[in-house]
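Student: Handing over data19.txt, compact mmCIF, C-alpha atoms.
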# COMPACT_ATOMS: atom_id res chain seq x y z
CA MET A 1 4.86 -7.99 -9.89
CA THR A 2 7.94 -5.86 -10.16
CA ALA A 3 11.20 -7.35 -8.91
CA PRO A 4 12.92 -5.35 -6.16
CA VAL A 5 15.64 -3.05 -7.41
CA GLN A 6 19.07 -4.33 -6.44
CA GLN A 7 21.04 -1.54 -4.83
CA THR A 8 24.63 -1.04 -5.90
CA THR A 9 26.98 -2.51 -3.34
CA ASP A 10 29.26 -0.32 -1.24
CA SER A 11 32.37 -1.99 -2.60
CA ALA A 12 31.26 -1.29 -6.17
CA LEU A 13 30.66 2.36 -5.27
CA VAL A 14 34.04 2.59 -3.58
CA GLU A 15 35.66 1.23 -6.74
CA ARG A 16 33.85 3.88 -8.76
CA MET A 17 35.07 6.54 -6.36
CA LYS A 18 38.62 5.33 -6.84
CA ALA A 19 38.11 6.00 -10.54
CA GLY A 20 36.93 9.54 -9.74
CA ASP A 21 33.18 9.03 -10.05
CA GLU A 22 31.57 11.74 -7.93
CA SER A 23 28.11 10.22 -8.29
CA ALA A 24 29.34 7.20 -6.31
CA LEU A 25 30.17 9.46 -3.38
CA SER A 26 26.77 11.09 -3.74
CA THR A 27 25.07 7.71 -3.53
CA LEU A 28 27.06 6.68 -0.47
CA TYR A 29 26.26 10.02 1.16
CA ASP A 30 22.56 9.50 0.56
CA ARG A 31 22.84 6.00 1.95
CA TYR A 32 24.70 6.73 5.17
CA SER A 33 24.52 10.43 6.01
CA ALA A 34 21.38 10.19 8.16
CA MET A 35 22.83 7.31 10.17
CA LEU A 36 26.07 9.21 10.70
CA PHE A 37 24.51 12.60 11.32
CA GLY A 38 22.30 11.06 14.00
CA LEU A 39 25.35 9.59 15.68
CA LEU A 40 27.30 12.84 15.43
CA MET A 41 24.40 14.88 16.78
CA ARG A 42 24.05 12.49 19.69
CA ILE A 43 27.74 12.86 20.55
CA LEU A 44 28.35 16.53 19.78
CA LYS A 45 24.88 17.92 20.52
CA GLU A 46 25.66 20.85 18.22
CA ARG A 47 24.27 20.91 14.73
CA GLU A 48 27.02 23.02 13.21
CA ALA A 49 29.79 20.88 14.66
CA ALA A 50 28.04 17.71 13.54
CA GLU A 51 27.67 19.11 10.02
CA GLU A 52 31.39 19.91 9.86
CA VAL A 53 32.42 16.46 11.03
CA LEU A 54 29.97 14.81 8.65
CA GLN A 55 31.29 16.70 5.65
CA ASP A 56 34.87 16.10 6.73
CA LEU A 57 34.17 12.40 7.04
CA PHE A 58 32.86 12.06 3.51
CA LEU A 59 35.67 14.23 2.16
CA GLN A 60 38.11 11.86 3.81
CA LEU A 61 36.28 8.94 2.25
CA TRP A 62 36.53 10.56 -1.18
CA ARG A 63 40.18 11.50 -0.85
CA ASN A 64 41.26 8.20 0.65
CA ALA A 65 38.97 5.82 -1.19
CA GLY A 66 42.04 4.04 -2.50
CA GLN A 67 43.01 3.12 1.03
CA PHE A 68 39.71 1.52 1.92
CA ASP A 69 39.89 -2.22 1.71
CA ALA A 70 36.41 -3.70 1.47
CA SER A 71 37.79 -7.13 2.35
CA ARG A 72 38.56 -5.85 5.84
CA GLY A 73 35.00 -5.02 6.66
CA SER A 74 31.95 -3.01 5.89
CA LEU A 75 31.98 0.63 4.91
CA PRO A 76 29.19 1.76 7.27
CA ALA A 77 31.00 0.21 10.22
CA TRP A 78 34.17 2.03 9.17
CA LEU A 79 32.26 5.29 8.76
CA MET A 80 30.64 4.92 12.16
CA VAL A 81 33.93 4.20 13.88
CA MET A 82 35.69 7.07 12.16
CA GLY A 83 32.77 9.41 12.77
CA ARG A 84 32.65 8.54 16.43
CA ASN A 85 36.42 8.92 16.80
CA ARG A 86 36.37 12.35 15.21
CA ALA A 87 33.36 13.52 17.18
CA ILE A 88 34.77 12.27 20.48
CA SER A 89 38.13 13.91 19.74
CA ARG A 90 36.36 17.16 19.07
CA LEU A 91 34.19 16.80 22.15
CA ARG A 92 37.12 16.10 24.42
CA GLY A 93 39.13 18.93 22.94
CA ARG A 94 36.27 21.26 23.64
CA ARG A 95 36.28 20.23 27.25
CA ASP A 96 39.84 21.53 27.58
CA ARG A 97 41.06 18.24 28.84
CA GLU A 98 44.70 17.86 29.64
CA VAL A 99 46.96 17.14 26.70
CA MET A 100 46.77 13.47 25.96
CA GLU A 101 49.60 11.19 25.09
CA GLU A 102 49.80 9.73 21.63
CA LYS A 103 48.19 6.42 22.36
CA GLU A 104 45.43 7.64 24.63
CA GLY A 105 41.92 7.85 23.36
CA ASP A 106 42.11 4.51 21.64
CA TYR A 107 38.39 4.36 21.24
CA ALA A 108 36.35 1.50 20.01
CA ASN A 109 37.46 0.86 16.50
CA THR A 110 37.11 -1.80 13.93
CA PHE A 111 37.11 -2.21 10.22
CA ALA A 112 34.92 -5.22 10.49
CA SER A 113 31.33 -5.60 11.44
CA ALA A 114 29.61 -8.58 12.93
CA GLN A 115 26.44 -7.74 11.08
CA ASN A 116 25.41 -6.69 7.64
CA VAL A 117 24.58 -3.01 7.93
CA GLU A 118 24.99 -2.20 4.26
CA ASP A 119 21.40 -2.89 3.39
CA ASP A 120 18.89 -0.23 4.51
CA ALA A 121 16.33 -2.70 5.78
CA SER A 122 18.89 -4.81 7.65
CA ARG A 123 20.37 -1.73 9.23
CA ALA A 124 17.00 -0.43 10.32
CA GLU A 125 16.13 -3.83 11.76
CA LEU A 126 19.43 -4.04 13.59
CA ALA A 127 18.96 -0.52 14.96
CA ARG A 128 15.51 -1.48 16.25
CA SER A 129 16.89 -4.63 17.88
CA LEU A 130 19.75 -2.72 19.43
CA THR A 131 17.51 0.03 20.80
CA ALA A 132 15.15 -2.57 22.22
CA ALA A 133 18.05 -4.49 23.74
CA LEU A 134 19.48 -1.36 25.32
CA ALA A 135 16.06 -0.57 26.79
CA THR A 136 16.05 -3.88 28.63
CA LEU A 137 19.31 -3.15 30.41
CA PRO A 138 19.22 -1.87 33.99
CA ALA A 139 19.51 1.92 33.98
CA GLU A 140 22.95 1.99 35.60
CA GLN A 141 24.38 -0.43 33.03
CA ARG A 142 22.95 1.52 30.14
CA GLN A 143 24.27 4.74 31.62
CA ALA A 144 27.81 3.34 31.93
CA LEU A 145 27.72 2.12 28.35
CA GLU A 146 26.36 5.38 26.99
CA LEU A 147 28.84 7.53 28.90
CA ALA A 148 31.66 5.46 27.41
CA TYR A 149 30.35 5.28 23.87
CA PHE A 150 28.63 8.62 23.33
CA GLU A 151 30.68 10.83 25.63
CA GLY A 152 34.02 9.09 25.27
CA MET A 153 34.51 8.78 29.01
CA THR A 154 37.05 6.44 30.51
CA GLN A 155 36.13 4.03 33.28
CA SER A 156 37.68 6.37 35.87
CA GLU A 157 35.68 9.30 34.55
CA ILE A 158 32.49 7.27 34.62
CA ALA A 159 33.24 6.24 38.19
CA ALA A 160 33.79 9.88 39.17
CA ARG A 161 30.72 11.10 37.31
CA THR A 162 28.40 8.50 38.78
CA GLY A 163 30.02 8.25 42.21
CA THR A 164 30.50 4.54 41.68
CA PRO A 165 33.52 2.36 42.58
CA LEU A 166 35.73 1.60 39.60
CA GLY A 167 35.18 -2.14 39.93
CA THR A 168 31.44 -1.61 39.73
CA VAL A 169 31.80 0.41 36.54
CA LYS A 170 33.85 -2.40 35.00
CA THR A 171 31.25 -4.96 35.92
CA ARG A 172 28.39 -2.84 34.63
CA VAL A 173 30.02 -2.35 31.25
CA ARG A 174 30.93 -5.98 30.87
CA THR A 175 27.52 -7.21 31.97
CA ALA A 176 25.80 -4.77 29.65
CA MET A 177 27.87 -5.87 26.65
CA GLN A 178 27.29 -9.54 27.49
CA SER A 179 23.55 -8.93 27.61
CA LEU A 180 23.61 -7.11 24.29
CA ARG A 181 25.54 -9.91 22.63
CA GLN A 182 22.95 -12.41 23.80
CA LEU A 183 20.01 -10.25 22.84
CA LEU A 184 21.41 -9.48 19.41
CA MET B 1 53.37 -22.69 33.19
CA THR B 2 49.92 -21.35 32.34
CA GLU B 3 49.83 -18.17 30.27
CA GLN B 4 48.18 -15.24 32.01
CA HIS B 5 45.67 -13.65 29.67
CA ALA B 6 44.08 -10.24 29.91
CA ASN B 7 41.27 -9.61 32.38
CA PRO B 8 37.97 -10.54 30.67
CA GLU B 9 36.41 -7.25 31.81
CA ASP B 10 39.03 -5.25 29.95
CA PHE B 11 38.15 -6.24 26.37
CA ASP B 12 34.88 -4.34 26.18
CA LEU B 13 36.29 -1.40 28.12
CA TYR B 14 39.27 -1.19 25.80
CA ALA B 15 37.10 -1.54 22.71
CA LEU B 16 34.99 1.34 23.99
CA GLY B 17 38.09 3.41 24.68
CA ALA B 18 37.22 3.43 28.37
CA LEU B 19 40.16 1.52 29.79
CA ASP B 20 42.70 3.89 31.23
CA GLY B 21 45.80 4.23 33.39
CA ASP B 22 48.08 1.32 34.22
CA GLU B 23 45.41 -1.19 33.28
CA LYS B 24 45.39 0.08 29.75
CA GLN B 25 49.16 -0.06 29.49
CA ARG B 26 49.26 -3.63 30.81
CA PHE B 27 46.46 -4.63 28.45
CA GLU B 28 48.24 -3.19 25.43
CA ALA B 29 51.54 -4.76 26.43
CA HIS B 30 49.88 -8.16 26.69
CA LEU B 31 48.05 -7.65 23.44
CA ARG B 32 51.28 -7.21 21.52
CA SER B 33 52.30 -10.76 22.28
CA CYS B 34 48.99 -12.64 22.51
CA ALA B 35 47.12 -13.49 19.34
CA ALA B 36 44.23 -15.09 21.25
CA CYS B 37 43.52 -11.90 23.16
CA GLY B 38 43.86 -9.96 19.92
CA GLN B 39 41.07 -12.02 18.43
CA GLN B 40 38.94 -11.53 21.50
CA LEU B 41 39.45 -7.79 21.25
CA ALA B 42 38.48 -7.83 17.58
CA ALA B 43 35.21 -9.52 18.52
CA ALA B 44 34.59 -6.93 21.24
CA ARG B 45 35.23 -4.15 18.75
CA GLN B 46 32.75 -5.59 16.31
CA HIS B 47 30.01 -5.37 18.88
CA THR B 48 30.86 -1.99 20.34
CA ALA B 49 31.00 -0.52 16.83
CA LEU B 50 27.34 -1.34 16.42
CA LEU B 51 26.31 0.77 19.40
CA GLY B 52 26.26 3.78 17.12
CA LEU B 53 23.21 2.38 15.41
CA SER B 54 21.20 3.06 18.54
CA ALA B 55 21.37 6.77 17.77
CA GLU B 56 18.27 7.96 15.96
CA PRO B 57 19.04 8.75 12.29
CA VAL B 58 18.77 12.44 11.48
CA ASN B 59 18.75 13.84 7.97
CA PRO B 60 21.46 16.48 7.61
CA PRO B 61 20.47 19.78 5.98
CA PRO B 62 20.86 19.82 2.19
CA HIS B 63 23.62 22.43 2.22
CA VAL B 64 26.04 19.92 3.77
CA LYS B 65 25.85 17.69 0.75
CA SER B 66 25.92 20.53 -1.76
CA SER B 67 28.99 22.00 -0.09
CA LEU B 68 30.63 18.56 -0.02
CA MET B 69 29.99 17.95 -3.69
CA GLU B 70 31.27 21.42 -4.59
CA LYS B 71 34.52 20.70 -2.81
CA VAL B 72 34.81 17.34 -4.50
CA LYS B 73 34.11 18.86 -7.89
CA ALA B 74 36.67 21.60 -7.30
CA GLU B 75 39.29 18.99 -6.48
CA GLY B 76 38.38 17.10 -9.62
CA VAL B 77 38.80 20.21 -11.73
CA ALA B 78 42.15 20.90 -10.10
CA THR B 79 43.25 17.38 -10.93
CA ALA B 80 42.07 17.58 -14.52
CA LYS B 81 43.92 20.81 -15.15
CA LYS B 82 47.21 19.21 -14.13
CA SER B 83 48.55 22.69 -13.83
CA VAL B 84 51.85 23.44 -12.16
CA PRO B 85 51.30 25.63 -9.13
CA GLU B 86 53.04 28.92 -8.83
CA THR B 87 56.36 28.58 -7.13
CA PRO B 88 56.11 30.36 -3.81
CA LYS B 89 57.88 33.67 -3.97
CA LYS B 90 59.55 33.10 -0.68
CA ILE B 91 60.45 29.59 0.37
CA ARG B 92 61.26 29.47 4.02
CA TRP B 93 64.14 27.50 5.44
CA GLY B 94 63.51 23.84 5.84
CA LEU B 95 60.90 23.63 3.12
CA ARG B 96 63.31 23.35 0.23
CA PHE B 97 63.91 19.67 0.67
CA SER B 98 60.26 18.73 0.53
CA LEU B 99 59.32 21.11 -2.23
CA GLY B 100 62.26 20.16 -4.44
CA PHE B 101 61.64 16.52 -3.79
CA GLY B 102 58.00 16.90 -4.66
CA LEU B 103 58.60 18.77 -7.89
CA ALA B 104 61.25 16.31 -8.99
CA THR B 105 59.08 13.31 -8.29
CA ALA B 106 56.05 14.82 -9.96
CA VAL B 107 58.09 15.57 -13.10
CA LEU B 108 59.50 12.07 -12.94
CA ALA B 109 56.00 10.63 -12.60
CA ILE B 110 54.75 12.57 -15.63
CA ALA B 111 57.80 11.57 -17.68
CA THR B 112 57.36 7.98 -16.64
CA PHE B 113 53.74 8.16 -17.65
CA GLU B 114 54.52 9.51 -21.10
CA LEU B 115 57.16 6.88 -21.78
CA ALA B 116 55.12 4.06 -20.39
CA LYS B 117 52.08 5.21 -22.37
CA GLN B 118 53.80 4.21 -25.58
CA ASP B 119 54.44 0.69 -24.41
CA LEU B 120 51.47 -0.26 -22.36
CA GLU B 121 48.56 -1.85 -24.10
CA ARG B 122 46.36 -2.91 -21.33
CA GLY B 123 43.82 -0.38 -20.16
CA LYS B 124 44.14 -1.38 -16.54
CA GLN B 125 47.78 -0.43 -16.43
CA MET B 126 47.03 2.83 -18.16
CA LYS B 127 44.41 3.65 -15.58
CA GLN B 128 46.82 2.97 -12.75
CA LEU B 129 49.41 5.24 -14.29
CA GLU B 130 46.88 7.98 -14.91
CA ALA B 131 45.72 7.74 -11.33
CA GLN B 132 49.30 7.97 -10.13
CA VAL B 133 49.97 11.06 -12.23
CA ALA B 134 46.73 12.63 -11.04
CA GLN B 135 47.70 11.95 -7.44
CA ASP B 136 51.14 13.43 -7.95
CA THR B 137 49.69 16.50 -9.63
CA VAL B 138 47.29 17.07 -6.76
CA ALA B 139 50.14 16.50 -4.33
CA MET B 140 52.27 19.05 -6.12
CA GLN B 141 49.50 21.64 -6.08
CA ALA B 142 48.81 21.07 -2.42
CA MET B 143 52.48 21.25 -1.63
CA GLY B 144 52.76 24.59 -3.39
CA GLN B 145 49.89 25.97 -1.34
CA VAL B 146 51.21 24.67 1.96
CA ALA B 147 54.85 25.60 1.32
CA GLY B 148 53.95 29.10 0.28
CA ALA B 149 51.87 29.93 3.32
CA PRO B 150 53.56 31.97 6.03
CA ASP B 151 51.87 30.02 8.80
CA THR B 152 53.13 26.60 7.69
CA SER B 153 55.33 24.66 10.08
CA MET B 154 58.05 22.19 9.15
CA THR B 155 58.68 19.19 11.36
CA THR B 156 61.42 16.60 10.98
CA LEU B 157 60.51 13.12 12.13
CA LEU B 158 63.43 11.08 13.42
CA GLU B 159 63.84 7.33 13.79
CA GLN B 160 63.37 5.70 17.16
CA ALA B 161 65.70 3.29 18.93
CA GLY B 162 65.10 -0.30 17.95
CA GLU B 163 62.82 0.61 15.05
CA PRO B 164 63.46 0.58 11.26
CA PRO B 165 65.75 3.42 10.12
CA GLY B 166 64.27 6.40 8.35
CA GLN B 167 63.56 10.08 8.34
CA ALA B 168 60.68 12.21 7.18
CA HIS B 169 59.49 15.77 6.97
CA VAL B 170 56.00 17.09 7.44
CA MET B 171 54.86 20.49 6.31
CA TYR B 172 51.68 21.36 8.13
CA ASN B 173 49.25 24.21 7.88
CA ALA B 174 46.54 24.10 10.53
CA ARG B 175 44.50 26.86 8.92
CA MET B 176 44.28 24.94 5.65
CA GLY B 177 43.96 21.60 7.39
CA MET B 178 46.67 20.19 5.13
CA ALA B 179 49.91 18.33 5.70
CA VAL B 180 52.51 17.22 3.20
CA TYR B 181 54.64 14.25 4.18
CA SER B 182 57.83 13.27 2.45
CA GLY B 183 60.25 10.69 3.74
CA GLN B 184 61.89 7.35 3.51
CA ILE B 185 61.69 4.43 5.87
CA ALA B 186 63.05 0.92 5.61
CA PRO B 187 60.40 -1.34 4.01
CA ALA B 188 57.75 -2.60 6.40
CA PRO B 189 57.02 -6.33 6.75
CA ALA B 190 54.51 -7.64 4.20
CA ASP B 191 51.67 -7.70 6.72
CA LYS B 192 52.32 -4.21 8.07
CA SER B 193 51.76 -0.62 6.98
CA TYR B 194 53.34 2.61 8.08
CA GLN B 195 50.74 5.12 9.24
CA LEU B 196 51.19 8.84 9.86
CA TRP B 197 49.50 10.46 12.86
CA LEU B 198 48.84 14.03 13.77
CA VAL B 199 49.06 14.36 17.53
CA PRO B 200 46.88 17.32 18.44
CA ALA B 201 47.51 19.62 21.37
CA SER B 202 44.42 18.12 22.88
CA GLY B 203 42.65 14.88 22.14
CA ALA B 204 43.47 11.60 20.52
CA PRO B 205 45.88 11.20 17.61
CA VAL B 206 44.31 11.70 14.21
CA SER B 207 45.21 9.37 11.38
CA ALA B 208 46.82 11.15 8.48
CA GLY B 209 46.85 8.09 6.28
CA LEU B 210 49.29 5.44 5.22
CA VAL B 211 52.79 6.30 4.13
CA ALA B 212 54.41 3.66 1.99
CA PRO B 213 58.21 3.51 1.98
CA ASN B 214 58.33 1.91 -1.41
CA GLN B 215 56.01 4.42 -3.02
CA GLU B 216 57.88 6.02 -5.90
CA SER B 217 57.12 9.60 -4.98
CA GLY B 218 57.33 9.04 -1.23
CA ILE B 219 54.98 11.99 -0.83
CA VAL B 220 51.62 11.95 0.81
CA VAL B 221 49.25 14.89 1.04
CA VAL B 222 46.70 14.61 3.79
CA HIS B 223 43.72 16.66 4.78
CA VAL B 224 42.60 17.03 8.36
CA THR B 225 40.01 19.15 10.11
CA PRO B 226 41.13 22.77 9.70
CA GLY B 227 42.20 24.53 12.87
CA MET B 228 43.66 21.48 14.55
CA VAL B 229 46.80 22.49 16.45
CA ALA B 230 49.49 19.82 16.15
CA LYS B 231 51.98 19.22 18.91
CA ALA B 232 53.74 16.35 17.12
CA PHE B 233 53.67 13.99 14.18
CA ALA B 234 54.47 10.31 14.36
CA VAL B 235 54.71 7.31 12.10
CA THR B 236 53.74 3.97 13.58
CA MET B 237 53.84 0.45 12.21
CA GLU B 238 50.29 -0.90 12.04
CA PRO B 239 48.53 -3.98 10.69
CA LEU B 240 48.22 -3.88 6.91
CA GLY B 241 45.81 -1.14 5.90
CA GLY B 242 46.20 0.88 9.07
CA GLU B 243 44.12 1.41 12.17
CA PRO B 244 41.76 4.19 13.32
CA GLN B 245 43.96 4.71 16.37
CA PRO B 246 47.66 3.87 16.84
CA THR B 247 48.35 0.37 18.13
CA GLY B 248 51.87 -0.38 16.93
CA PRO B 249 55.39 0.85 17.73
CA LYS B 250 56.40 4.41 16.96
CA VAL B 251 58.93 4.37 14.15
CA LEU B 252 59.40 8.10 13.57
CA ILE B 253 58.53 11.00 15.84
CA GLY B 254 58.82 14.74 15.38
CA VAL B 255 57.70 17.42 17.82
CA VAL B 256 56.28 20.55 16.25
CA SER B 257 58.33 23.54 17.33
CA SER B 258 56.23 26.38 18.65
For the structure just supplied, provide its representation as structure tokens.

Tutor:
Amino acid sequence: MTAPVQQTTDSALVERMKAGDESALSTLYDRYSAMLFGLLMRILKEREAAEEVLQDLFLQLWRNAGQFDASRGSLPAWLMVMGRNRAISRLRGRRDREVMEEKEGDYANTFASAQNVEDDASRAELARSLTAALATLPAEQRQALELAYFEGMTQSEIAARTGTPLGTVKTRVRTAMQSLRQLL
Amino acid sequence: MTEQHANPEDFDLYALGALDGDEKQRFEAHLRSCAACGQQLAAARQHTALLGLSAEPVNPPPHVKSSLMEKVKAEGVATAKKSVPETPKKIRWGLRFSLGFGLATAVLAIATFELAKQDLERGKQMKQLEAQVAQDTVAMQAMGQVAGAPDTSMTTLLEQAGEPPGQAHVMYNARMGMAVYSGQIAPAPADKSYQLWLVPASGAPVSAGLVAPNQESGIVVVHVTPGMVAKAFAVTMEPLGGEPQPTGPKVLIGVVSS
């Protein structure tokens, strides 16, 4: 019986990128592009825009590999956070929203991940668990969460969109996240 | 007296970027002085970050990767050539400081490399020096491109009251999606980093990378999404390694003149 092939770790690939190894970037692209492109398509809903953000994201990774500190967290989590931030920024800009102050739009961000999402199988399993957990949430809770995460809406915007009191939106988001934590 | 912590509902909302208005300001103000709430927020962020996994994976078309790798390869070739870019025929006012500073530091870096090369025996140190020279060469090339373009803007970033002293300049070309930062700031505390932000005309600030005050060249070339109109640039003090969105005090600010 053949032993499973050990995949090169993200941190090892990042180190190779720092040394200018383009094949390391290629490997990381193959590993995470589908995950990221799915997220970007879900947010932007435009293939061309999602392609631009995806390419920009990996270019940033290549150019700034020296700044990535693997000890602060996992690369896929970082890529997801950065990808979401960029997509949401683009989405909100497209909506001709009023000019935002410097510190607004402080979206969910982290360099750390509570789970191991580096391994393909673990990531797929986590995605299945998450999707199943989201499906168990009451529709209004899931809607509040998705409007915040995938459309970058603030609580006030969600309240206006859904015609729901602000306090109710707060409760829905909190309850939904509590449920997800328990289910995951 | 019992310490008043942040509202439990606000952690997830803030981590999602959904907290707004006065509540957000109060939350951030409290966060600056409460380590316990900071930890709670970090935990909330870890969970909200995973929500992205619920999106169905979609394979991007092959041309995205091929285009990416072409760009990467082109940058590698540019680095390997280590060629000096053509001096712009017409250097506009305000750009001389940055360009001269960049050329001088790049020459200094190359000279340092050549001298150090004779003395250093360990390969690791050699690699670090080579990487530094490569970075400076790329920076110099980028600076030449940006400085020579007629649609490049020059912004001076000034220190803010109560913050470490310093000054910086940013040359920015939205069409190219490139910015060149040069400046000096008083050293940051050991557990902090200075981070440069592009504040777009619309939308959230975009990180333009870390800017280290003790870096020999003091120059940072950053690439952002082309076409992004900047209304200002700012340097904030962030936790070591930087943050995806600004969380710390603004140390330098410069408004882009229209």

Student: With a distance threshold of 8 Å and counting only C-alpha atoms, extract the residues of chain B near chain A and express them as a ChimeraX atom specification.

Tutor: /B:9-10,12-20,42-43,45-60,64-65,68-69,72-73,76,131,199,201-205,209-210,223-225,241,243-247

Student: Go ahead and write the selection's residues with C-alpha atoms as an mmCIF file, keeping the file's coordinate frame.

Tutor:
data_model
loop_
_atom_site.group_PDB
_atom_site.id
_atom_site.type_symbol
_atom_site.label_atom_id
_atom_site.label_comp_id
_atom_site.auth_asym_id
_atom_site.auth_seq_id
_atom_site.Cartn_x
_atom_site.Cartn_y
_atom_site.Cartn_z
ATOM 1 C CA GLU B 9 36.410 -7.250 31.810
ATOM 2 C CA ASP B 10 39.030 -5.250 29.950
ATOM 3 C CA ASP B 12 34.880 -4.340 26.180
ATOM 4 C CA LEU B 13 36.290 -1.400 28.120
ATOM 5 C CA TYR B 14 39.270 -1.190 25.800
ATOM 6 C CA ALA B 15 37.100 -1.540 22.710
ATOM 7 C CA LEU B 16 34.990 1.340 23.990
ATOM 8 C CA GLY B 17 38.090 3.410 24.680
ATOM 9 C CA ALA B 18 37.220 3.430 28.370
ATOM 10 C CA LEU B 19 40.160 1.520 29.790
ATOM 11 C CA ASP B 20 42.700 3.890 31.230
ATOM 12 C CA ALA B 42 38.480 -7.830 17.580
ATOM 13 C CA ALA B 43 35.210 -9.520 18.520
ATOM 14 C CA ARG B 45 35.230 -4.150 18.750
ATOM 15 C CA GLN B 46 32.750 -5.590 16.310
ATOM 16 C CA HIS B 47 30.010 -5.370 18.880
ATOM 17 C CA THR B 48 30.860 -1.990 20.340
ATOM 18 C CA ALA B 49 31.000 -0.520 16.830
ATOM 19 C CA LEU B 50 27.340 -1.340 16.420
ATOM 20 C CA LEU B 51 26.310 0.770 19.400
ATOM 21 C CA GLY B 52 26.260 3.780 17.120
ATOM 22 C CA LEU B 53 23.210 2.380 15.410
ATOM 23 C CA SER B 54 21.200 3.060 18.540
ATOM 24 C CA ALA B 55 21.370 6.770 17.770
ATOM 25 C CA GLU B 56 18.270 7.960 15.960
ATOM 26 C CA PRO B 57 19.040 8.750 12.290
ATOM 27 C CA VAL B 58 18.770 12.440 11.480
ATOM 28 C CA ASN B 59 18.750 13.840 7.970
ATOM 29 C CA PRO B 60 21.460 16.480 7.610
ATOM 30 C CA VAL B 64 26.040 19.920 3.770
ATOM 31 C CA LYS B 65 25.850 17.690 0.750
ATOM 32 C CA LEU B 68 30.630 18.560 -0.020
ATOM 33 C CA MET B 69 29.990 17.950 -3.690
ATOM 34 C CA VAL B 72 34.810 17.340 -4.500
ATOM 35 C CA LYS B 73 34.110 18.860 -7.890
ATOM 36 C CA GLY B 76 38.380 17.100 -9.620
ATOM 37 C CA ALA B 131 45.720 7.740 -11.330
ATOM 38 C CA VAL B 199 49.060 14.360 17.530
ATOM 39 C CA ALA B 201 47.510 19.620 21.370
ATOM 40 C CA SER B 202 44.420 18.120 22.880
ATOM 41 C CA GLY B 203 42.650 14.880 22.140
ATOM 42 C CA ALA B 204 43.470 11.600 20.520
ATOM 43 C CA PRO B 205 45.880 11.200 17.610
ATOM 44 C CA GLY B 209 46.850 8.090 6.280
ATOM 45 C CA LEU B 210 49.290 5.440 5.220
ATOM 46 C CA HIS B 223 43.720 16.660 4.780
ATOM 47 C CA VAL B 224 42.600 17.030 8.360
ATOM 48 C CA THR B 225 40.010 19.150 10.110
ATOM 49 C CA GLY B 241 45.810 -1.140 5.900
ATOM 50 C CA GLU B 243 44.120 1.410 12.170
ATOM 51 C CA PRO B 244 41.760 4.190 13.320
ATOM 52 C CA GLN B 245 43.960 4.710 16.370
ATOM 53 C CA PRO B 246 47.660 3.870 16.840
ATOM 54 C CA THR B 247 48.350 0.370 18.130
#

Student: Give me the residues near B:Gln167 as a VMD selection string, where near means some atom within 7 Å (using only C-alpha atoms) and where sequence neighbours in that chain fewer than 3 positions away do not count.

Tutor: chain B and resid 157 to 159 183 to 185 252

Student: In Å, rounded to a single decimal, give me how far atom CA of B:Glu70 is from atom CA of B:Asp151.

Tutor: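 Between atom CA of B:Asp151 and atom CA of B:Glu70 the gap works out to 26.0 Å.
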
Student: Report the distance between atom CA of B:Pro164 and atom CA of B:Thr152 in Å, rounded to one decimal place.

Tutor: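 Between atom CA of B:Pro164 and atom CA of B:Thr152 the gap works out to 28.2 Å.
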
Student: Enter the distance from atom CA of A:Ala144 to atom CA of A:Ser122, in Å, rounded to one decimal.

Tutor: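 Between atom CA of A:Ala144 and atom CA of A:Ser122 the gap works out to 27.1 Å.
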
Student: For each of A:Glu46, A:Pro165, A:Asp119, A:Ala87, take the minimum atom-to-atom distance to A:Thr9, counting only C-alpha atoms, then give the residue where this is smallest.

Tutor: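 Checking each of A:Glu46, A:Pro165, A:Asp119, A:Ala87 against A:Thr9, counting only C-alpha atoms, the winner is A:Asp119.
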
Student: Using only C-alpha atoms, find the one residue out of B:Val256, B:Met228, B:Leu196, B:Cys34 that sits nearest to B:Met176.

Tutor: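 Looking only at the distances to B:Met176, the closest residue turns out to be B:Met228.
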